[in-house]
file upload_2.txt (compact mmCIF, C-alpha atoms and all ligand atoms)
# COMPACT_ATOMS: atom_id res chain seq x y z
CA MET O 1 0.00 0.00 0.00
CA LYS O 2 1.38 3.36 -1.02
CA GLY O 3 2.62 5.48 1.87
CA LEU O 4 2.49 2.63 4.39
CA SER O 5 5.74 1.70 6.14
CA VAL O 6 6.96 -0.13 9.23
CA GLN O 7 9.93 0.47 11.48
CA ILE O 8 10.98 -2.31 13.85
CA LYS O 9 12.77 -1.28 17.04
CA SER O 10 13.27 -2.56 20.57
CA ALA O 11 13.07 -1.22 24.11
CA GLY O 12 15.04 -3.34 26.54
CA TYR O 13 15.46 -7.06 26.88
CA CYS O 14 15.51 -9.91 29.33
CA THR O 15 17.56 -13.07 29.15
CA ALA O 16 16.49 -16.70 28.90
CA SER O 17 17.99 -20.05 28.10
CA GLU O 18 17.90 -20.91 24.41
CA SER O 19 16.84 -24.42 25.43
CA HIS O 20 13.60 -22.97 26.81
CA ALA O 21 12.85 -20.93 23.69
CA ILE O 22 13.27 -23.87 21.33
CA SER O 23 13.40 -27.62 21.74
CA GLY O 24 16.90 -28.87 21.03
CA GLY O 25 18.38 -25.41 21.78
CA SER O 26 21.66 -25.01 23.66
CA ARG O 27 21.87 -24.05 27.31
CA LYS O 28 23.40 -20.70 26.52
CA SER O 29 21.66 -17.56 27.68
CA ILE O 30 20.08 -15.51 24.90
CA LYS O 31 18.63 -12.02 24.83
CA PHE O 32 14.87 -11.71 24.53
CA TYR O 33 14.56 -8.26 23.01
CA ALA O 34 11.29 -6.43 23.64
CA SER O 35 10.64 -5.22 20.12
CA TYR O 36 7.81 -3.05 18.88
CA ALA O 37 6.80 -1.56 15.54
CA ILE O 38 6.08 1.98 14.43
CA ILE O 39 3.65 1.84 11.54
CA HIS O 40 3.31 4.95 9.40
CA HIS O 41 -0.17 4.98 7.89
CA PRO O 42 -0.89 7.42 5.05
CA LYS O 43 -4.27 8.44 6.52
CA HIS O 44 -4.16 7.54 10.22
CA GLY O 45 -0.61 8.65 10.99
CA LEU O 46 1.36 6.78 13.61
CA VAL O 47 0.15 3.38 14.73
CA LEU O 48 2.23 1.45 17.25
CA PHE O 49 2.32 -2.30 17.64
CA ASP O 50 3.27 -2.88 21.30
CA THR O 51 5.64 -0.62 23.23
CA GLY O 52 8.41 -2.76 24.75
CA TYR O 53 9.73 -2.26 28.28
CA THR O 54 10.09 1.02 30.11
CA ARG O 55 11.88 1.73 33.39
CA ARG O 56 8.42 1.64 35.00
CA PHE O 57 9.02 -2.09 35.20
CA TYR O 58 11.63 -1.46 37.91
CA ASN O 59 9.31 0.74 39.96
CA GLU O 60 6.32 -1.52 39.63
CA THR O 61 8.27 -4.61 40.68
CA LYS O 62 9.88 -3.14 43.81
CA ASN O 63 7.27 -4.61 46.12
CA TRP O 64 5.72 -8.00 46.70
CA PRO O 65 4.22 -9.83 44.99
CA TYR O 66 5.31 -8.13 41.75
CA LYS O 67 8.91 -8.45 42.88
CA ILE O 68 8.61 -12.12 41.96
CA TYR O 69 8.35 -11.05 38.30
CA ALA O 70 11.61 -9.09 38.53
CA LEU O 71 13.35 -11.92 40.35
CA ALA O 72 12.24 -14.47 37.76
CA THR O 73 13.03 -12.21 34.79
CA LYS O 74 16.09 -9.99 34.88
CA VAL O 75 15.15 -6.96 32.77
CA TYR O 76 17.50 -4.43 31.23
CA VAL O 77 16.13 -1.19 29.81
CA GLY O 78 17.71 2.25 29.57
CA GLU O 79 16.06 5.66 29.37
CA GLU O 80 17.24 6.30 25.81
CA GLU O 81 15.71 3.03 24.58
CA GLU O 82 12.22 3.82 25.80
CA LEU O 83 9.79 4.24 22.92
CA ILE O 84 8.71 7.74 23.95
CA ASN O 85 12.33 8.91 23.85
CA VAL O 86 13.04 7.18 20.54
CA LEU O 87 10.05 9.00 19.03
CA LYS O 88 11.24 12.29 20.50
CA GLU O 89 14.61 11.77 18.79
CA GLU O 90 12.70 11.41 15.53
CA GLY O 91 10.81 14.65 16.18
CA ILE O 92 7.55 12.95 17.16
CA ASP O 93 5.69 13.95 20.32
CA ALA O 94 3.84 11.21 22.20
CA PRO O 95 0.42 12.96 21.94
CA GLU O 96 0.63 12.55 18.15
CA VAL O 97 0.24 8.78 18.46
CA LYS O 98 -3.41 7.97 17.77
CA PHE O 99 -3.46 4.16 17.84
CA ILE O 100 -1.62 1.45 19.73
CA ILE O 101 -2.24 -2.19 18.91
CA VAL O 102 -1.71 -4.19 22.11
CA SER O 103 -0.75 -7.73 21.09
CA HIS O 104 -1.23 -9.01 24.67
CA PHE O 105 -0.84 -7.79 28.24
CA HIS O 106 2.59 -9.03 29.31
CA ALA O 107 4.85 -6.37 30.84
CA ASP O 108 7.33 -6.38 27.96
CA HIS O 109 4.57 -5.33 25.54
CA ILE O 110 2.60 -2.77 27.55
CA GLY O 111 5.46 -0.99 29.37
CA GLY O 112 5.00 2.29 27.46
CA LEU O 113 1.20 2.55 27.23
CA ARG O 114 0.98 5.28 29.87
CA ASP O 115 3.15 7.57 27.74
CA PHE O 116 0.52 8.10 25.04
CA PRO O 117 -2.39 10.20 26.34
CA ASN O 118 -4.25 10.47 23.01
CA ALA O 119 -3.94 6.90 21.82
CA THR O 120 -6.84 4.56 21.25
CA PHE O 121 -5.84 1.06 22.34
CA ILE O 122 -6.69 -1.77 20.00
CA CYS O 123 -6.84 -5.15 21.63
CA CYS O 124 -8.72 -8.41 21.57
CA LYS O 125 -11.67 -8.41 23.95
CA ASP O 126 -10.73 -11.87 25.23
CA ALA O 127 -7.18 -10.73 26.00
CA PHE O 128 -8.38 -7.83 28.11
CA GLU O 129 -11.09 -9.85 29.87
CA ASP O 130 -8.37 -12.32 30.88
CA VAL O 131 -6.46 -9.69 32.88
CA LYS O 132 -9.14 -7.12 33.71
CA GLY O 133 -9.35 -6.32 37.41
CA LYS O 134 -6.61 -8.81 38.30
CA LYS O 135 -4.18 -7.79 41.02
CA GLY O 136 -1.43 -9.40 43.05
CA ILE O 137 -0.75 -13.09 42.53
CA SER O 138 -3.63 -13.59 40.11
CA ALA O 139 -2.23 -10.78 37.91
CA LEU O 140 1.29 -12.19 38.21
CA ARG O 141 0.07 -15.57 37.03
CA LYS O 142 -0.92 -13.80 33.81
CA GLY O 143 2.43 -11.98 33.52
CA PHE O 144 0.42 -8.81 34.10
CA ILE O 145 1.39 -5.72 36.12
CA PRO O 146 -1.83 -3.67 36.47
CA ASN O 147 -0.15 -0.30 37.07
CA LEU O 148 1.42 -0.39 33.62
CA LEU O 149 -2.03 0.33 32.19
CA PRO O 150 -3.29 3.93 32.16
CA SER O 151 -6.19 4.34 34.61
CA ASP O 152 -8.54 5.18 31.72
CA PHE O 153 -7.39 2.22 29.63
CA GLU O 154 -10.75 0.51 29.18
CA SER O 155 -12.57 3.67 28.12
CA ARG O 156 -9.94 4.25 25.43
CA CYS O 157 -10.11 0.73 24.03
CA ARG O 158 -11.39 -0.38 20.70
CA PHE O 159 -12.01 -4.06 21.24
CA ILE O 160 -11.56 -6.44 18.36
CA ALA O 161 -14.19 -9.14 18.06
CA PHE O 162 -13.02 -11.86 15.73
CA ALA O 163 -16.47 -13.42 15.62
CA ASN O 164 -17.41 -10.56 13.25
CA ALA O 165 -14.48 -11.15 10.88
CA GLU O 166 -15.36 -10.99 7.20
CA ILE O 167 -12.05 -12.35 5.98
CA ASN O 168 -10.75 -15.85 6.58
CA ASP O 169 -7.16 -16.85 5.88
CA ASN O 170 -6.49 -20.52 5.18
CA HIS O 171 -3.64 -20.60 7.68
CA LEU O 172 -4.37 -17.81 10.14
CA GLY O 173 -8.15 -18.06 10.43
CA PRO O 174 -10.40 -14.98 10.85
CA LEU O 175 -8.81 -11.62 10.02
CA ILE O 176 -10.04 -8.16 10.99
CA ASP O 177 -9.30 -5.32 8.60
CA LEU O 178 -8.50 -2.65 11.20
CA PHE O 179 -9.05 0.49 9.12
CA GLU O 180 -11.16 -1.18 6.42
CA ASP O 181 -8.57 -0.27 3.82
CA GLY O 182 -6.48 -3.45 3.74
CA SER O 183 -3.50 -1.75 5.43
CA ILE O 184 -3.49 -3.73 8.69
CA LEU O 185 -5.08 -7.14 9.14
CA LEU O 186 -5.30 -8.49 12.67
CA CYS O 187 -5.32 -12.21 13.48
CA ARG O 188 -5.56 -14.23 16.67
CA LEU O 189 -2.47 -16.06 17.88
CA ASP O 190 -3.82 -17.67 21.03
CA GLY O 191 -1.90 -19.90 23.37
CA HIS O 192 1.05 -17.87 24.66
CA ALA O 193 -1.57 -15.51 26.10
CA LYS O 194 -5.32 -15.56 25.68
CA GLY O 195 -6.48 -13.50 22.72
CA GLN O 196 -2.96 -12.56 21.63
CA MET O 197 -3.09 -10.72 18.29
CA GLY O 198 -0.69 -10.60 15.38
CA ALA O 199 -0.78 -7.92 12.67
CA MET O 200 -0.21 -8.29 8.93
CA ILE O 201 0.96 -4.98 7.51
CA ASN O 202 0.37 -4.44 3.81
CA THR O 203 3.87 -3.20 2.99
CA GLU O 204 5.79 -4.50 -0.02
CA PRO O 205 6.68 -7.26 0.84
CA LYS O 206 4.15 -7.76 3.64
CA THR O 207 5.30 -7.54 7.27
CA PHE O 208 3.74 -9.99 9.71
CA LEU O 209 4.18 -9.01 13.37
CA VAL O 210 3.59 -12.22 15.33
CA ALA O 211 4.34 -10.98 18.88
CA ASP O 212 5.02 -14.10 21.01
CA GLY O 213 3.35 -16.43 18.49
CA ALA O 214 6.93 -17.56 17.89
CA TRP O 215 10.02 -16.62 19.88
CA LEU O 216 12.78 -17.50 17.48
CA LYS O 217 12.81 -17.72 13.69
CA ALA O 218 13.41 -21.49 13.83
CA ASN O 219 10.19 -21.93 15.87
CA TYR O 220 8.13 -21.13 12.77
CA THR O 221 10.50 -22.05 9.91
CA GLU O 222 11.17 -25.55 11.29
CA LEU O 223 8.02 -25.83 13.40
CA ARG O 224 10.12 -26.45 16.51
CA PHE O 225 8.18 -25.79 19.70
CA PRO O 226 9.63 -24.26 22.87
CA ASN O 227 10.58 -26.56 25.73
CA PRO O 228 7.31 -27.79 27.29
CA ILE O 229 8.45 -26.27 30.61
CA VAL O 230 7.11 -22.93 29.32
CA LYS O 231 3.58 -24.39 29.49
CA LEU O 232 3.68 -23.22 33.10
CA PHE O 233 3.09 -19.63 32.07
CA PHE O 234 1.30 -20.12 28.75
CA ASP O 235 -2.46 -19.76 28.56
CA SER O 236 -2.95 -22.92 26.47
CA TRP O 237 -0.27 -25.19 25.07
CA SER O 238 -2.59 -26.72 22.46
CA ASP O 239 -3.70 -23.27 21.25
CA TYR O 240 -0.06 -22.21 21.11
CA LYS O 241 0.80 -25.20 18.93
CA ASN O 242 -2.11 -24.39 16.60
CA SER O 243 -1.02 -20.76 16.33
CA LEU O 244 2.61 -21.67 15.62
CA LYS O 245 1.47 -24.21 13.01
CA GLY O 246 -0.60 -21.42 11.40
CA ILE O 247 2.45 -19.12 11.22
CA HIS O 248 4.56 -22.01 9.88
CA ASP O 249 2.02 -22.86 7.17
CA TYR O 250 1.56 -19.19 6.29
CA HIS O 251 5.33 -18.84 5.93
CA LYS O 252 5.55 -21.89 3.65
CA ALA O 253 2.81 -20.47 1.43
CA ASN O 254 4.14 -16.87 1.56
CA PRO O 255 7.94 -17.10 1.96
CA GLU O 256 8.42 -13.50 0.82
CA THR O 257 6.52 -12.06 3.82
CA ILE O 258 8.76 -10.59 6.51
CA ILE O 259 7.87 -12.31 9.78
CA MET O 260 8.86 -10.58 13.01
CA PRO O 261 8.66 -12.59 16.23
CA CYS O 262 8.84 -9.96 18.93
CA HIS O 263 11.76 -11.36 20.89
CA CYS O 264 13.95 -12.87 18.13
CA GLU O 265 17.41 -11.27 18.08
CA GLU O 266 18.24 -12.58 14.60
CA SER O 267 15.04 -11.14 13.10
CA LEU O 268 15.43 -7.85 14.97
CA MET O 269 19.00 -7.37 13.76
CA LYS O 270 17.87 -8.09 10.21
CA TYR O 271 14.79 -5.89 10.11
CA ARG O 272 15.38 -3.12 12.65
CA SER O 273 15.37 0.39 11.25
ZN ZN M 1 4.29 -12.46 26.20
call {"tool": "encode", "arguments": {"input": "upload_2.txt", "output": "structure tokens"}}
result
Amino acid sequence: MKGLSVQIKSAGYCTASESHAISGGSRKSIKFYASYAIIHHPKHGLVLFDTGYTRRFYNETKNWPYKIYALATKVYVGEEEELINVLKEEGIDAPEVKFIIVSHFHADHIGGLRDFPNATFICCKDAFEDVKGKKGISALRKGFIPNLLPSDFESRCRFIAFANAEINDNHLGPLIDLFEDGSILLCRLDGHAKGQMGAMINTEPKTFLVADGAWLKANYTELRFPNPIVKLFFDSWSDYKNSLKGIHDYHKANPETIIMPCHCEESLMKYRS
């Protein structure tokens, strides 16, 4: 689509064992970058896909029980990496951002939401219902830190209901045409988190943002699943497998499409701009 472009960037990272991210992986520690995308839409202006970490993570995990999150996941993020500051460097003020697609509600995706006072949040109704009102341990179980959401979050949401989808992809299932112009198609990638959404951006070639639908490139190219130990904090292992199979099959049928798993260092280094 003319005038539509995507920039891939990252804000912070945590570390994890490669053997957890992919079956047969080595025991070495790898960086899980918290990437996000800045989509430039010819009519709607700036649309963000996720926001990465911000230093709010440190503040919000100082006390129990959220401290458990910080102890389990060592997070590194600097002021200059935060999305709001990256935009500032590019001459863009946060209030200019009108839309933020929230793939799911884990802390490494929603860290910057409070920085954008004029944004409408686009998320799957099921994803929000899964975390709504949760606090303490029950929030933690969902990888959710409630204070990362702006207090008026719900009133600024545009919920996506896939039951109303008019498009069906052979591999990805129902698709929602966000702006009804073919620029951004949203799909469900359940399993890692309930109602997780991916976004297909109609650039040339297409750019498919799959969030945590895959962690590493080899997850979807070779259909290699993570170590089953990660089931502990996934919403549904069987849904995850279905979603990853969908991405794998889509990739086989559309090898030219750029696929960006949020945390994949190799993909980030290749596509970041
Ligand atoms: Zn996640």
call {"tool": "residues_around", "arguments": {"input": "upload_2.txt", "residues": "segment 62-79 of chain O", "least_positions_apart": "3", "cutoff": "8 Å", "atoms": "only C-alpha atoms", "output": "VMD selection string"}}
result
chain O and resid 11 to 15 53 to 55 58 to 59 82 85 136 to 137 140 143 145
call {"tool": "residues_around", "arguments": {"input": "upload_2.txt", "residues": "segment 186-199 of chain O", "least_positions_apart": "6", "cutoff": "8 Å", "atoms": "all atoms listed in the file", "output": "ChimeraX atom specification"}}
result
/O:102-104,123-127,130,142,162,172-178,208-213,233-241,243-244
call {"tool": "atom_distance", "arguments": {"input": "upload_2.txt", "atom1": "atom CA of Asn242 of chain O", "atom2": "atom CA of His171 of chain O"}}
result
9.8 Å
call {"tool": "atom_distance", "arguments": {"input": "upload_2.txt", "atom1": "atom CA of Ser138 of chain O", "atom2": "atom CA of Asn227 of chain O"}}
result
24.0 Å
call {"tool": "axis_aligned_box", "arguments": {"input": "upload_2.txt", "around": "segment 259-268 of chain O", "padding_each_side": "4 Å", "output": "AutoDock Vina command-line options"}}
result
--center_x 13.1 --center_y -10.4 --center_z 15.3 --size_x 18.4 --size_y 13.0 --size_z 19.1
call {"tool": "atom_distance", "arguments": {"input": "upload_2.txt", "atom1": "atom CA of Tyr36 of chain O", "atom2": "atom CA of Cys262 of chain O"}}
result
7.0 Å
call {"tool": "closest_residue", "arguments": {"input": "upload_2.txt", "among": "O:Ile92, O:Ala107, O:Val86, O:Ile258", "to": "ligand ZN 1 (chain M)", "atoms": "all atoms listed in the file"}}
result
O:Ala107
call {"tool": "residues_around", "arguments": {"input": "upload_2.txt", "residues": "His251 of chain O", "least_positions_apart": "6", "cutoff": "12 Å", "atoms": "only C-alpha atoms", "output": "list in words"}}
result
Asn170, His171, Leu172, Lys206, Thr207, Phe208, Val210, Lys217, Ala218, Asn219, Tyr220, Thr221, Glu222, Leu223, Leu244, Lys245, Thr257, Ile258, Ile259 and Met260 of chain O
call {"tool": "closest_residue", "arguments": {"input": "upload_2.txt", "among": "O:Leu148, O:Ala94, O:Ile110, O:Ile201", "to": "ligand ZN 1 (chain M)", "atoms": "all atoms listed in the file"}}
result
O:Ile110
call {"tool": "residues_near_point", "arguments": {"input": "upload_2.txt", "point": "(-1.7, 6.6, 11.4)", "cutoff": "12 Å", "atoms": "all atoms listed in the file", "output": "list in words"}}
result
Gly3, Leu4, Ser5, Val6, Ile38, Ile39, His40, His41, Pro42, Lys43, His44, Gly45, Leu46, Val47, Leu48, Phe49, Glu96, Val97, Lys98, Phe99, Ile100, Ile101, Ala119, Thr120, Leu178, Phe179, Ser183 and Ile184 of chain O
call {"tool": "write_last_selection", "arguments": {"input": "upload_2.txt", "atoms": "C-alpha atoms", "output": "PDB file, in the frame of the given file"}}
result
ATOM      1  CA  GLY O   3       2.620   5.480   1.870  1.00  0.00           C
ATOM      2  CA  LEU O   4       2.490   2.630   4.390  1.00  0.00           C
ATOM      3  CA  SER O   5       5.740   1.700   6.140  1.00  0.00           C
ATOM      4  CA  VAL O   6       6.960  -0.130   9.230  1.00  0.00           C
ATOM      5  CA  ILE O  38       6.080   1.980  14.430  1.00  0.00           C
ATOM      6  CA  ILE O  39       3.650   1.840  11.540  1.00  0.00           C
ATOM      7  CA  HIS O  40       3.310   4.950   9.400  1.00  0.00           C
ATOM      8  CA  HIS O  41      -0.170   4.980   7.890  1.00  0.00           C
ATOM      9  CA  PRO O  42      -0.890   7.420   5.050  1.00  0.00           C
ATOM     10  CA  LYS O  43      -4.270   8.440   6.520  1.00  0.00           C
ATOM     11  CA  HIS O  44      -4.160   7.540  10.220  1.00  0.00           C
ATOM     12  CA  GLY O  45      -0.610   8.650  10.990  1.00  0.00           C
ATOM     13  CA  LEU O  46       1.360   6.780  13.610  1.00  0.00           C
ATOM     14  CA  VAL O  47       0.150   3.380  14.730  1.00  0.00           C
ATOM     15  CA  LEU O  48       2.230   1.450  17.250  1.00  0.00           C
ATOM     16  CA  PHE O  49       2.320  -2.300  17.640  1.00  0.00           C
ATOM     17  CA  GLU O  96       0.630  12.550  18.150  1.00  0.00           C
ATOM     18  CA  VAL O  97       0.240   8.780  18.460  1.00  0.00           C
ATOM     19  CA  LYS O  98      -3.410   7.970  17.770  1.00  0.00           C
ATOM     20  CA  PHE O  99      -3.460   4.160  17.840  1.00  0.00           C
ATOM     21  CA  ILE O 100      -1.620   1.450  19.730  1.00  0.00           C
ATOM     22  CA  ILE O 101      -2.240  -2.190  18.910  1.00  0.00           C
ATOM     23  CA  ALA O 119      -3.940   6.900  21.820  1.00  0.00           C
ATOM     24  CA  THR O 120      -6.840   4.560  21.250  1.00  0.00           C
ATOM     25  CA  LEU O 178      -8.500  -2.650  11.200  1.00  0.00           C
ATOM     26  CA  PHE O 179      -9.050   0.490   9.120  1.00  0.00           C
ATOM     27  CA  SER O 183      -3.500  -1.750   5.430  1.00  0.00           C
ATOM     28  CA  ILE O 184      -3.490  -3.730   8.690  1.00  0.00           C
TER      29      ILE O 184
END
call {"tool": "residues_around", "arguments": {"input": "upload_2.txt", "residues": "Ala16 of chain O", "least_positions_apart": "2", "cutoff": "7 Å", "atoms": "only C-alpha atoms", "output": "list in words"}}
result
Cys14, Glu18, Ser29, Ile30, Lys31 and Phe32 of chain O
call {"tool": "residues_near_point", "arguments": {"input": "upload_2.txt", "point": "(12.6, -0.6, 15.0)", "cutoff": "8 Å", "atoms": "all atoms listed in the file", "output": "list in words"}}
result
Gln7, Ile8, Lys9, Ser10, Ser35, Tyr36, Ala37, Ile38, Leu268, Tyr271, Arg272 and Ser273 of chain O
call {"tool": "write_last_selection", "arguments": {"input": "upload_2.txt", "atoms": "C-alpha atoms", "output": "CSV table (one decimal), keeping the file's coordinate frame"}}
result
chain,number,residue,atom,x,y,z
O,7,GLN,CA,9.9,0.5,11.5
O,8,ILE,CA,11.0,-2.3,13.8
O,9,LYS,CA,12.8,-1.3,17.0
O,10,SER,CA,13.3,-2.6,20.6
O,35,SER,CA,10.6,-5.2,20.1
O,36,TYR,CA,7.8,-3.0,18.9
O,37,ALA,CA,6.8,-1.6,15.5
O,38,ILE,CA,6.1,2.0,14.4
O,268,LEU,CA,15.4,-7.8,15.0
O,271,TYR,CA,14.8,-5.9,10.1
O,272,ARG,CA,15.4,-3.1,12.6
O,273,SER,CA,15.4,0.4,11.2
call {"tool": "closest_residue", "arguments": {"input": "upload_2.txt", "among": "O:Leu87, O:Leu113, O:Met1, O:Ala34", "to": "ligand ZN 1 (chain M)", "atoms": "only C-alpha atoms and all ligand atoms"}}
result
O:Ala34
call {"tool": "closest_residue", "arguments": {"input": "upload_2.txt", "among": "O:Ala214, O:Ile167, O:Leu185, O:Leu232", "to": "His248 of chain O", "atoms": "only C-alpha atoms"}}
result
O:Ala214
call {"tool": "closest_residue", "arguments": {"input": "upload_2.txt", "among": "O:Ser19, O:Asp93, O:Val230, O:Phe153", "to": "ligand ZN 1 (chain M)", "atoms": "only C-alpha atoms and all ligand atoms"}}
result
O:Val230
call {"tool": "closest_residue", "arguments": {"input": "upload_2.txt", "among": "O:Asp108, O:Glu256, O:Asp50, O:Asp152", "to": "ligand ZN 1 (chain M)", "atoms": "only C-alpha atoms and all ligand atoms"}}
result
O:Asp108
